[in-house]
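One structure is given below, encoded as structure tokens.
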Amino acid sequence: MNLTTPDSPIQKAKWTQPPPRVSSQSLLPLVSYTETKGHTVTTFKLYQRAKHVYSEAGRVLEFKKICSEAPASAIQLLGELMNQSHISCRDMYECSCPELDQLVDICLQSGAIGSRLTGAGWGGCTVSMVPSDKLSTFLTNVKEAYYKSNDQRLALEKNSLFATKPGGGALVFLEA
């Protein structure tokens with residue numbers, strides 16, 4: 001049985017069952033468990049991490065809603081969601097690093113409407129939303145402020161700093 005087909009039991013369960021509701025009360029058993037094992041919740045920052053995960057999921061749904069409804073302020077709203085995401089990754093999930101935070105700040109100062117880490121953080125990349133009429137200036141400013149300030153970064157700049165457009169995402173084609 002192929003479990004990845006839309007009619008498989010696993011796939012049906014994914015799409016027909018509502019997502020579980022999580023509240024701070026439902027996390028209490030985990031709190032008790034960690035306290036009895038000699039750890040406190042602050043050691044694992046369980047609430048903080050869970051709050052990031054669920055707020056990030058909320059931002060994804062809000063992003064989709066804004067794209068679907070296309071209000072006049074859509075670009076600003078989407079940029080703000082990206083910025084909120086980075087702040088949450090940095091402060092709540094703690095998966096950013098000083099270099100990523102610096103790059104996000106430079107991107108925002110250089111004309112990005114929104115900028116955030118991507119690729120799970122802990123080093124890595126940022127993605128920024130930049131108006132097409134500001135793209136050339138944006139790329140120049142980021143190159144000057146971030147890449148030219150460090151020889152090691154400058155050596156990577158040609159493969160690290162580039163423009164792209166949103167697309168449909170990855171697809172898996174299954175033969176019928």
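Starting from 1 in every chain, residues are counted up; chains themselves are A, B, ... following the order of the structure tokens, and ligands are numbered from 1 as listed.
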
Query raised in the report: Can you list, as a PyMOL selection string, every residue of segment 52-157 of chain A that DSSP puts in strand (DSSP E)?
Result: chain A and resi 114-118+125-129

9 Å contact set for Ser115 of chain A, only C-alpha atoms, chain neighbours under 2 positions out, as a PDB file with N, CA and C atoms, in the first residue's frame:
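Below you can see part.pdb, which holds the result:
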```pdb
ATOM      1  N   GLY A  79       4.945  41.808   4.744  1.00  0.00           N
ATOM      2  CA  GLY A  79       6.265  42.171   5.260  1.00  0.00           C
ATOM      3  C   GLY A  79       6.297  42.148   6.779  1.00  0.00           C
ATOM      4  N   GLU A  80       5.247  42.651   7.397  1.00  0.00           N
ATOM      5  CA  GLU A  80       5.179  42.652   8.861  1.00  0.00           C
ATOM      6  C   GLU A  80       5.138  41.226   9.407  1.00  0.00           C
ATOM      7  N   MET A  82       6.549  38.650   8.015  1.00  0.00           N
ATOM      8  CA  MET A  82       7.924  38.153   7.892  1.00  0.00           C
ATOM      9  C   MET A  82       8.785  38.681   9.034  1.00  0.00           C
ATOM     10  N   ASN A  83       8.640  39.958   9.349  1.00  0.00           N
ATOM     11  CA  ASN A  83       9.421  40.553  10.435  1.00  0.00           C
ATOM     12  C   ASN A  83       9.067  39.926  11.779  1.00  0.00           C
ATOM     13  N   SER A  85       7.958  36.959  12.229  1.00  0.00           N
ATOM     14  CA  SER A  85       8.511  35.610  12.198  1.00  0.00           C
ATOM     15  C   SER A  85       9.981  35.618  12.609  1.00  0.00           C
ATOM     16  N   HIS A  86      10.733  36.558  12.082  1.00  0.00           N
ATOM     17  CA  HIS A  86      12.151  36.605  12.444  1.00  0.00           C
ATOM     18  C   HIS A  86      12.322  36.914  13.931  1.00  0.00           C
ATOM     19  N   LEU A 103      22.193  40.654   9.216  1.00  0.00           N
ATOM     20  CA  LEU A 103      21.787  40.647   7.816  1.00  0.00           C
ATOM     21  C   LEU A 103      20.323  41.068   7.664  1.00  0.00           C
ATOM     22  N   VAL A 104      19.451  40.591   8.535  1.00  0.00           N
ATOM     23  CA  VAL A 104      18.042  41.006   8.504  1.00  0.00           C
ATOM     24  C   VAL A 104      17.948  42.518   8.711  1.00  0.00           C
ATOM     25  N   ASP A 105      18.671  43.044   9.690  1.00  0.00           N
ATOM     26  CA  ASP A 105      18.649  44.495   9.937  1.00  0.00           C
ATOM     27  C   ASP A 105      19.137  45.279   8.719  1.00  0.00           C
ATOM     28  N   CYS A 107      19.086  44.307   5.607  1.00  0.00           N
ATOM     29  CA  CYS A 107      18.077  44.165   4.545  1.00  0.00           C
ATOM     30  C   CYS A 107      16.922  45.135   4.768  1.00  0.00           C
ATOM     31  N   LEU A 108      16.448  45.235   5.997  1.00  0.00           N
ATOM     32  CA  LEU A 108      15.348  46.163   6.296  1.00  0.00           C
ATOM     33  C   LEU A 108      15.783  47.609   6.087  1.00  0.00           C
ATOM     34  N   ALA A 112      14.051  46.490   2.248  1.00  0.00           N
ATOM     35  CA  ALA A 112      13.156  45.334   2.307  1.00  0.00           C
ATOM     36  C   ALA A 112      11.918  45.704   3.125  1.00  0.00           C
ATOM     37  N   ILE A 113      10.781  45.224   2.690  1.00  0.00           N
ATOM     38  CA  ILE A 113       9.535  45.431   3.423  1.00  0.00           C
ATOM     39  C   ILE A 113       9.436  44.414   4.548  1.00  0.00           C
ATOM     40  N   LEU A 117      14.977  35.056   8.782  1.00  0.00           N
ATOM     41  CA  LEU A 117      15.843  33.913   8.544  1.00  0.00           C
ATOM     42  C   LEU A 117      15.031  32.834   7.849  1.00  0.00           C
ATOM     43  N   THR A 126      18.738  34.393   4.780  1.00  0.00           N
ATOM     44  CA  THR A 126      17.566  35.229   4.983  1.00  0.00           C
ATOM     45  C   THR A 126      16.811  35.294   3.667  1.00  0.00           C
ATOM     46  N   VAL A 127      15.537  35.593   3.779  1.00  0.00           N
ATOM     47  CA  VAL A 127      14.710  35.866   2.614  1.00  0.00           C
ATOM     48  C   VAL A 127      14.058  37.214   2.889  1.00  0.00           C
ATOM     49  N   SER A 128      14.066  38.071   1.883  1.00  0.00           N
ATOM     50  CA  SER A 128      13.539  39.416   2.052  1.00  0.00           C
ATOM     51  C   SER A 128      12.551  39.731   0.945  1.00  0.00           C
ATOM     52  N   MET A 129      11.542  40.500   1.285  1.00  0.00           N
ATOM     53  CA  MET A 129      10.568  40.952   0.298  1.00  0.00           C
ATOM     54  C   MET A 129      10.919  42.401  -0.045  1.00  0.00           C
ATOM     55  N   VAL A 130      11.252  42.618  -1.315  1.00  0.00           N
ATOM     56  CA  VAL A 130      11.743  43.914  -1.769  1.00  0.00           C
ATOM     57  C   VAL A 130      10.941  44.350  -2.992  1.00  0.00           C
TER      58      VAL A 130
END
```

Report task. Tell me, as number ranges by chain, which residues lie within 12 Å of Ser55 of chain A, counting only C-alpha atoms; anything in the same chain fewer than 3 positions away does not count. Result -> A: 22, 47-52, 58-62, 81, 84-89, 92-93

Next, write the just-selected residues to a file, as a short mmCIF file (atom, residue, chain, number, x, y, z; two decimals), in the first residue's frame, keeping C-alpha atoms as the atom set.
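This is the output file result_38.cif:
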```cif
data_model
loop_
_atom_site.label_atom_id
_atom_site.label_comp_id
_atom_site.auth_asym_id
_atom_site.auth_seq_id
_atom_site.Cartn_x
_atom_site.Cartn_y
_atom_site.Cartn_z
CA VAL A 22 -3.12 23.08 22.34
CA TYR A 47 6.30 27.11 26.75
CA GLN A 48 8.51 29.58 24.87
CA ARG A 49 9.29 27.07 22.11
CA ALA A 50 5.66 25.94 21.80
CA LYS A 51 4.46 29.53 21.70
CA HIS A 52 6.82 30.19 18.78
CA GLY A 58 -0.80 31.35 12.83
CA ARG A 59 1.39 33.63 10.74
CA VAL A 60 1.40 31.08 7.91
CA LEU A 61 -2.39 30.98 7.93
CA GLU A 62 -2.57 34.80 8.06
CA LEU A 81 4.42 38.93 9.17
CA GLN A 84 7.34 39.05 13.26
CA SER A 85 8.51 35.61 12.20
CA HIS A 86 12.15 36.61 12.44
CA ILE A 87 11.66 38.21 15.85
CA SER A 88 9.94 35.05 17.11
CA CYS A 89 12.67 32.80 15.66
CA MET A 92 11.31 32.68 21.31
CA TYR A 93 12.86 29.75 19.45
#
```

Query raised in the report: Hey, what's within 12 Å of Ile106 of chain A if we count only C-alpha atoms and toss same-chain stuff fewer than 3 positions away? As a PyMOL selection string, please?
Result: chain A and resi 99-103+109-116+126+128+138-147

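Proximity to Pro166 of chain A was assessed for A:Cys67, A:Val53, A:Phe44, A:Ala72 counting only C-alpha atoms; the smallest distance is recorded for A:Cys67.
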
**Report entry** Top pick for closest residue to Cys125 of chain A, considering A:Ser160, A:Ile66, A:Asn150, A:Glu94 and counting only C-alpha atoms
**Finding:**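 Smallest separation from Cys125 of chain A among the options: A:Ser160.
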